[in-house]
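Containing JSON, C-alpha atoms: entry.json.
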```json
[["chain", "number", "residue", "atom", "x", "y", "z"],
["A", 277, "PHE", "CA", -0.86, 8.42, 0.99],
["A", 278, "PRO", "CA", -1.43, 5.64, 2.03],
["A", 279, "PRO", "CA", -4.01, 4.79, -0.64],
["A", 280, "ALA", "CA", -7.41, 3.67, 0.55],
["A", 281, "PHE", "CA", -8.13, -0.02, 0.80],
["A", 282, "GLN", "CA", -9.96, -1.50, -2.14],
["A", 283, "SER", "CA", -11.86, -4.75, -2.39],
["A", 284, "ILE", "CA", -10.72, -7.14, -5.08],
["A", 285, "PRO", "CA", -12.47, -10.23, -6.39],
["A", 286, "ARG", "CA", -10.93, -13.59, -5.53],
["A", 287, "ASN", "CA", -11.70, -17.16, -6.38],
["A", 288, "PRO", "CA", -14.30, -18.64, -4.10],
["A", 289, "ILE", "CA", -13.05, -21.02, -1.44],
["A", 290, "VAL", "CA", -14.10, -24.64, -1.46],
["A", 291, "ILE", "CA", -13.37, -26.77, 1.55],
["A", 292, "ASP", "CA", -13.18, -30.52, 1.62],
["A", 293, "LEU", "CA", -16.28, -31.30, 3.65],
["A", 294, "ALA", "CA", -16.34, -34.89, 2.42],
["A", 295, "TYR", "CA", -13.17, -35.52, 4.41],
["A", 296, "ASN", "CA", -15.15, -35.20, 7.64],
["A", 297, "TYR", "CA", -17.01, -38.37, 6.75],
["A", 298, "ILE", "CA", -13.86, -40.47, 6.54],
["A", 299, "ASP", "CA", -14.01, -42.09, 9.94],
["A", 300, "PHE", "CA", -12.63, -45.01, 11.86],
["A", 301, "PRO", "CA", -14.97, -47.85, 12.83],
["A", 302, "SER", "CA", -15.78, -48.17, 16.51],
["A", 303, "LEU", "CA", -13.27, -50.48, 18.14],
["A", 304, "GLU", "CA", -15.10, -50.55, 21.46],
["A", 305, "ASN", "CA", -16.02, -54.22, 21.14],
["A", 306, "ARG", "CA", -12.64, -55.29, 19.84],
["A", 307, "MET", "CA", -10.56, -54.12, 22.76],
["A", 308, "LYS", "CA", -9.94, -55.80, 26.08],
["A", 309, "LYS", "CA", -12.80, -55.07, 28.40],
["A", 310, "ASP", "CA", -10.70, -54.17, 31.40],
["A", 311, "ARG", "CA", -13.26, -52.16, 33.32],
["A", 312, "LYS", "CA", -16.13, -54.52, 32.98],
["A", 313, "GLY", "CA", -15.09, -57.17, 35.52],
["A", 314, "PHE", "CA", -17.43, -58.18, 38.28],
["A", 315, "ILE", "CA", -16.27, -55.37, 40.59],
["A", 316, "SER", "CA", -17.64, -52.71, 38.27],
["A", 317, "ARG", "CA", -20.82, -54.74, 38.00],
["A", 318, "LEU", "CA", -21.18, -54.63, 41.79],
["A", 319, "TRP", "CA", -21.11, -50.86, 41.65],
["A", 320, "ARG", "CA", -23.91, -50.56, 39.16],
["B", 191, "MET", "CA", 34.96, -77.89, 14.98],
["B", 192, "PRO", "CA", 32.07, -75.98, 13.45],
["B", 193, "PRO", "CA", 30.37, -73.44, 15.66],
["B", 194, "LYS", "CA", 27.38, -75.02, 17.27],
["B", 195, "SER", "CA", 25.16, -72.01, 16.90],
["B", 196, "LYS", "CA", 24.92, -72.58, 13.15],
["B", 197, "ASP", "CA", 23.07, -75.83, 13.64],
["B", 198, "LYS", "CA", 20.48, -74.32, 15.89],
["B", 199, "PRO", "CA", 17.41, -72.86, 14.24],
["B", 200, "LYS", "CA", 17.56, -69.11, 14.43],
["B", 201, "PRO", "CA", 15.03, -67.56, 16.73],
["B", 202, "SER", "CA", 12.46, -65.62, 14.79],
["B", 203, "PRO", "CA", 13.60, -62.02, 14.51],
["B", 204, "SER", "CA", 10.18, -60.60, 15.19],
["B", 205, "GLN", "CA", 8.57, -60.84, 18.60],
["B", 206, "PRO", "CA", 5.47, -62.99, 18.82],
["B", 207, "LEU", "CA", 2.44, -60.77, 18.42],
["B", 208, "PRO", "CA", 0.28, -59.88, 21.41],
["B", 209, "PRO", "CA", -3.36, -61.02, 21.51],
["B", 210, "ILE", "CA", -5.64, -59.35, 19.04],
["B", 211, "GLU", "CA", -7.57, -57.37, 21.70],
["B", 212, "ASP", "CA", -4.32, -55.81, 22.86],
["B", 213, "LEU", "CA", -3.50, -54.85, 19.29],
["B", 214, "PHE", "CA", -6.90, -53.20, 18.95],
["B", 215, "SER", "CA", -6.32, -51.29, 22.20],
["B", 216, "THR", "CA", -3.00, -50.04, 20.85],
["B", 217, "LEU", "CA", -4.62, -49.20, 17.52],
["B", 218, "ASN", "CA", -7.35, -47.26, 19.28],
["B", 219, "ARG", "CA", -4.78, -45.31, 21.28],
["B", 220, "HIS", "CA", -2.89, -44.33, 18.12],
["B", 221, "ILE", "CA", -6.15, -43.23, 16.50],
["B", 222, "GLU", "CA", -7.08, -41.10, 19.52],
["B", 223, "GLN", "CA", -3.67, -39.48, 19.44],
["B", 224, "SER", "CA", -3.81, -38.95, 15.67],
["B", 225, "GLU", "CA", -0.71, -41.11, 15.14],
["B", 226, "PHE", "CA", -1.91, -42.42, 11.84],
["B", 227, "GLU", "CA", 1.32, -43.95, 10.54],
["B", 228, "LYS", "CA", 1.62, -45.97, 13.74],
["B", 229, "ALA", "CA", -2.05, -46.95, 13.42],
["B", 230, "VAL", "CA", -1.31, -48.34, 9.95],
["B", 231, "LYS", "CA", 1.48, -50.51, 11.37],
["B", 232, "VAL", "CA", -0.72, -51.92, 14.13],
["B", 233, "ALA", "CA", -3.57, -52.56, 11.68],
["B", 234, "ASP", "CA", -1.03, -54.50, 9.62],
["B", 235, "GLN", "CA", -0.13, -56.59, 12.67],
["B", 236, "VAL", "CA", -3.80, -57.44, 13.16],
["B", 237, "LEU", "CA", -4.06, -58.33, 9.48],
["B", 238, "SER", "CA", -1.02, -60.61, 9.73],
["B", 239, "ILE", "CA", -3.02, -62.65, 12.27],
["B", 240, "ALA", "CA", -6.47, -62.20, 10.75],
["B", 241, "PRO", "CA", -6.08, -61.19, 7.11],
["B", 242, "ALA", "CA", -9.80, -60.65, 6.56],
["B", 243, "ASP", "CA", -10.53, -58.62, 9.70],
["B", 244, "GLU", "CA", -12.91, -55.92, 8.48],
["B", 245, "ASP", "CA", -12.29, -53.46, 11.29],
["B", 246, "ALA", "CA", -8.54, -53.70, 10.75],
["B", 247, "ILE", "CA", -8.87, -53.17, 7.00],
["B", 248, "ARG", "CA", -11.15, -50.18, 7.52],
["B", 249, "CYS", "CA", -8.80, -48.72, 10.13],
["B", 250, "LYS", "CA", -5.89, -49.18, 7.77],
["B", 251, "VAL", "CA", -7.67, -47.45, 4.89],
["B", 252, "VAL", "CA", -8.84, -44.52, 7.03],
["B", 253, "ALA", "CA", -5.43, -44.15, 8.71],
["B", 254, "LEU", "CA", -3.71, -44.10, 5.32],
["B", 255, "ILE", "CA", -6.08, -41.41, 4.09],
["B", 256, "LYS", "CA", -5.55, -39.37, 7.25],
["B", 257, "ALA", "CA", -1.80, -39.81, 6.91],
["B", 258, "ASP", "CA", -2.18, -38.37, 3.41],
["B", 259, "ASN", "CA", -1.14, -41.59, 1.73],
["B", 260, "ILE", "CA", -4.00, -41.62, -0.76],
["B", 261, "ASP", "CA", -2.27, -43.98, -3.21],
["B", 262, "GLY", "CA", -1.66, -46.44, -0.39],
["B", 263, "ALA", "CA", -5.28, -46.29, 0.74],
["B", 264, "LEU", "CA", -6.53, -46.86, -2.77],
["B", 265, "SER", "CA", -4.34, -49.89, -3.29],
["B", 266, "VAL", "CA", -5.55, -51.46, -0.01],
["B", 267, "ILE", "CA", -9.14, -50.88, -1.14],
["B", 268, "LYS", "CA", -8.45, -52.45, -4.52],
["B", 269, "LEU", "CA", -6.81, -55.49, -2.93],
["B", 270, "SER", "CA", -9.53, -56.07, -0.36],
["B", 271, "GLN", "CA", -12.00, -58.63, -1.60],
["B", 272, "SER", "CA", -14.33, -58.28, 1.33],
["B", 273, "PRO", "CA", -17.90, -58.89, 0.21],
["B", 274, "THR", "CA", -19.39, -57.20, 3.29],
["B", 275, "VAL", "CA", -17.43, -53.96, 3.65],
["B", 276, "ASP", "CA", -18.57, -51.30, 1.24],
["B", 277, "PHE", "CA", -15.52, -49.24, 0.39],
["B", 278, "SER", "CA", -17.14, -47.32, -2.45],
["B", 279, "TYR", "CA", -17.23, -44.02, -0.54],
["B", 280, "PHE", "CA", -13.60, -44.29, 0.54],
["B", 281, "LYS", "CA", -12.63, -45.32, -2.96],
["B", 282, "ALA", "CA", -14.49, -42.40, -4.49],
["B", 283, "TYR", "CA", -12.86, -40.04, -2.02],
["B", 284, "CYS", "CA", -9.36, -41.32, -2.88],
["B", 285, "LEU", "CA", -10.06, -40.99, -6.60],
["B", 286, "TYR", "CA", -11.31, -37.45, -6.01],
["B", 287, "ARG", "CA", -8.11, -36.58, -4.15],
["B", 288, "LEU", "CA", -6.10, -38.01, -7.05],
["B", 289, "ASN", "CA", -8.20, -35.94, -9.44],
["B", 290, "LYS", "CA", -9.61, -39.00, -11.20],
["B", 291, "LEU", "CA", -12.97, -37.34, -11.18],
["B", 292, "ASN", "CA", -14.98, -39.50, -13.55],
["B", 293, "GLU", "CA", -13.84, -42.70, -11.84],
["B", 294, "ALA", "CA", -14.75, -41.10, -8.53],
["B", 295, "LEU", "CA", -18.29, -40.40, -9.74],
["B", 296, "GLU", "CA", -18.55, -43.96, -10.96],
["B", 297, "SER", "CA", -17.62, -45.30, -7.53],
["B", 298, "LEU", "CA", -20.29, -43.15, -5.88],
["B", 299, "LYS", "CA", -23.11, -44.44, -8.06],
["B", 300, "SER", "CA", -24.02, -47.21, -5.63],
["B", 301, "GLN", "CA", -24.81, -44.80, -2.78],
["B", 302, "GLU", "CA", -26.08, -41.43, -3.76],
["B", 303, "ASN", "CA", -28.56, -40.50, -1.12],
["B", 304, "ASN", "CA", -26.57, -40.14, 2.06],
["B", 305, "PRO", "CA", -25.13, -36.73, 3.00],
["B", 306, "ALA", "CA", -21.51, -37.85, 2.77],
["B", 307, "ALA", "CA", -21.87, -39.18, -0.76],
["B", 308, "MET", "CA", -23.86, -36.12, -1.80],
["B", 309, "LEU", "CA", -21.21, -33.75, -0.45],
["B", 310, "LEU", "CA", -18.43, -35.64, -2.17],
["B", 311, "LYS", "CA", -20.40, -35.71, -5.39],
["B", 312, "SER", "CA", -20.95, -31.96, -5.29],
["B", 313, "GLN", "CA", -17.22, -31.38, -4.72],
["B", 314, "ILE", "CA", -16.41, -33.58, -7.71],
["B", 315, "LEU", "CA", -18.96, -31.78, -9.88],
["B", 316, "TYR", "CA", -17.45, -28.45, -8.83],
["B", 317, "ARG", "CA", -14.04, -29.55, -10.05],
["B", 318, "LEU", "CA", -15.58, -30.86, -13.25],
["B", 319, "GLY", "CA", -17.16, -27.45, -13.80],
["B", 320, "GLU", "CA", -20.67, -28.88, -13.66],
["B", 321, "LEU", "CA", -21.75, -26.07, -11.44],
["B", 322, "ASP", "CA", -25.53, -26.24, -11.82],
["B", 323, "ALA", "CA", -25.54, -29.87, -10.75],
["B", 324, "CYS", "CA", -23.14, -29.02, -7.93],
["B", 325, "VAL", "CA", -25.40, -26.27, -6.62],
["B", 326, "ASP", "CA", -28.48, -28.49, -6.91],
["B", 327, "ILE", "CA", -26.92, -30.91, -4.44],
["B", 328, "TYR", "CA", -26.19, -28.14, -1.96],
["B", 329, "ARG", "CA", -29.82, -27.06, -2.24],
["B", 330, "LYS", "CA", -30.90, -30.58, -1.30],
["B", 331, "LEU", "CA", -28.49, -30.60, 1.63],
["B", 332, "GLN", "CA", -29.57, -27.17, 2.84],
["B", 333, "LYS", "CA", -31.68, -28.57, 5.66],
["B", 334, "SER", "CA", -29.18, -31.19, 6.80],
["B", 335, "ASN", "CA", -27.30, -29.00, 9.26],
["B", 336, "ILE", "CA", -23.87, -29.64, 7.81],
["B", 337, "ASP", "CA", -21.12, -27.46, 9.27],
["B", 338, "SER", "CA", -19.55, -25.00, 6.83],
["B", 339, "LEU", "CA", -21.84, -26.10, 4.01],
["B", 340, "GLU", "CA", -22.45, -22.43, 3.21],
["B", 341, "ILE", "CA", -18.81, -21.97, 2.18],
["B", 342, "ASN", "CA", -19.03, -24.49, -0.63],
["B", 343, "PHE", "CA", -22.60, -23.51, -1.45],
["B", 344, "VAL", "CA", -21.56, -19.89, -2.00],
["B", 345, "ALA", "CA", -18.51, -20.96, -4.03],
["B", 346, "GLY", "CA", -20.79, -23.02, -6.23],
["B", 347, "LEU", "CA", -23.30, -20.22, -6.70],
["B", 348, "ILE", "CA", -20.63, -17.66, -7.56],
["B", 349, "SER", "CA", -18.83, -19.98, -9.97],
["B", 350, "ALA", "CA", -22.13, -20.86, -11.57],
["B", 351, "GLY", "CA", -22.76, -17.17, -12.23],
["B", 352, "LYS", "CA", -25.53, -17.00, -9.66],
["B", 353, "ALA", "CA", -23.96, -14.45, -7.36],
["B", 354, "SER", "CA", -27.30, -12.69, -7.08],
["B", 355, "GLU", "CA", -28.65, -15.72, -5.20],
["B", 356, "VAL", "CA", -25.93, -15.70, -2.57],
["B", 357, "LYS", "CA", -27.56, -13.31, -0.15],
["B", 358, "GLY", "CA", -30.92, -15.03, -0.18],
["B", 359, "THR", "CA", -29.32, -18.43, 0.18],
["B", 360, "LEU", "CA", -27.24, -17.41, 3.18],
["B", 361, "GLU", "CA", -30.30, -15.93, 4.83],
["B", 362, "ALA", "CA", -32.25, -19.12, 4.26],
["B", 363, "LEU", "CA", -29.56, -21.37, 5.75]]
```
Spit out the file's structure as structure tokens when you get a sec.
Amino acid sequence: FPPAFQSIPRNPIVIDLAYNYIDFPSLENRMKKDRKGFISRLWR
Amino acid sequence: MPPKSKDKPKPSPSQPLPPIEDLFSTLNRHIEQSEFEKAVKVADQVLSIAPADEDAIRCKVVALIKADNIDGALSVIKLSQSPTVDFSYFKAYCLYRLNKLNEALESLKSQENNPAAMLLKSQILYRLGELDACVDIYRKLQKSNIDSLEINFVAGLISAGKASEVKGTLEAL
């Protein structure tokens, strides 16, 4: 005692990889462009 | 003498909505902070101004899925009549989550050769017990550098009775 560890079979794991491809569209062009006034243009 | 206030038109109970760019900024913030239920509400505000806005519809569908409201996402997809947004992947994914596996396969038919659709298809085939077909897809995706692909690949091989191929496959990945 204690008994030795033994390996047991288990059902294989499947993960939901397809979920990673459910993504939001880019909203970059839909938001207010607050940092692209002429001041930031002067700095470029 | 009747109270005067009754004759006046009631002010609208809801505040007037801010400009659409502000709504998108708010929506984007909720998305970045993983506040998906709030994102759904803001997407709805955009849609109350612009009912056909494709970005807002897509955001709403994705936010509903991420908030685990799969039924809700599916009904938005079914109601959207947009000719330009292709919701077939999202639709297939929702059907898969609801275990409507044959319908899910049907919805994927239009786009079978991108990695996302192939992964989803292999997951559906796994649940359907079509393990050879499932494993075939993972073989095709082997070179695509998809994170954690080996987990599902091995599950497919073992369930398909091909445990002897596991070692070689893992070494080849």
If you take all atoms listed in the file and a cut-off of 9 Å, which residues of chain A touch chain B, and what are their nearest atom pairs and distances in Å to one decimal, in chain and number order, as JSON lines?
```
{"residue": "A:Asn287", "atom": "CA", "partner": "B:Ala345", "partner_atom": "CA", "distance": 8.1}
{"residue": "A:Pro288", "atom": "CA", "partner": "B:Ala345", "partner_atom": "CA", "distance": 4.8}
{"residue": "A:Ile289", "atom": "CA", "partner": "B:Ala345", "partner_atom": "CA", "distance": 6.0}
{"residue": "A:Val290", "atom": "CA", "partner": "B:Asn342", "partner_atom": "CA", "distance": 5.0}
{"residue": "A:Ile291", "atom": "CA", "partner": "B:Asn342", "partner_atom": "CA", "distance": 6.5}
{"residue": "A:Asp292", "atom": "CA", "partner": "B:Gln313", "partner_atom": "CA", "distance": 7.6}
{"residue": "A:Leu293", "atom": "CA", "partner": "B:Leu309", "partner_atom": "CA", "distance": 6.9}
{"residue": "A:Ala294", "atom": "CA", "partner": "B:Leu310", "partner_atom": "CA", "distance": 5.1}
{"residue": "A:Tyr295", "atom": "CA", "partner": "B:Tyr283", "partner_atom": "CA", "distance": 7.9}
{"residue": "A:Asn296", "atom": "CA", "partner": "B:Ala306", "partner_atom": "CA", "distance": 8.4}
{"residue": "A:Tyr297", "atom": "CA", "partner": "B:Ala306", "partner_atom": "CA", "distance": 6.0}
{"residue": "A:Ile298", "atom": "CA", "partner": "B:Val252", "partner_atom": "CA", "distance": 6.5}
{"residue": "A:Asp299", "atom": "CA", "partner": "B:Val252", "partner_atom": "CA", "distance": 6.4}
{"residue": "A:Phe300", "atom": "CA", "partner": "B:Cys249", "partner_atom": "CA", "distance": 5.6}
{"residue": "A:Pro301", "atom": "CA", "partner": "B:Asp245", "partner_atom": "CA", "distance": 6.4}
{"residue": "A:Ser302", "atom": "CA", "partner": "B:Asp245", "partner_atom": "CA", "distance": 8.2}
{"residue": "A:Leu303", "atom": "CA", "partner": "B:Asn218", "partner_atom": "CA", "distance": 6.8}
{"residue": "A:Glu304", "atom": "CA", "partner": "B:Asn218", "partner_atom": "CA", "distance": 8.7}
{"residue": "A:Arg306", "atom": "CA", "partner": "B:Glu211", "partner_atom": "CA", "distance": 5.8}
{"residue": "A:Met307", "atom": "CA", "partner": "B:Glu211", "partner_atom": "CA", "distance": 4.5}
{"residue": "A:Lys308", "atom": "CA", "partner": "B:Glu211", "partner_atom": "CA", "distance": 5.2}
{"residue": "A:Lys309", "atom": "CA", "partner": "B:Glu211", "partner_atom": "CA", "distance": 8.8}
```
Enter the distance from atom CA of Leu318 of chain B to atom CA of Val275 of chain B, in Å, rounded to one decimal.
->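 Distance between the two atoms: 28.7 Å.
The residue that comes closest to Phe226 of chain B, out of B:Asn259, B:Ser265, B:Ser238, B:Asn335 and on the basis of all atoms listed in the file, is B:Asn259.
In this structure, atom CA of Asp258 of chain B sits 9.7 Å away from atom CA of Glu227 of chain B.
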Once 3 Å is added on each side, what centre and edge lengths in Å to one decimal does the axis-aligned box around all listed atoms of segment 339-357 of chain B have, as JSON?
```
{"center_x": -23.6, "center_y": -19.4, "center_z": -4.1, "size_x": 16.1, "size_y": 19.4, "size_z": 22.2}
```
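Note that atom CA of Glu296 of chain B and atom CA of Ser272 of chain B are 19.3 Å apart.
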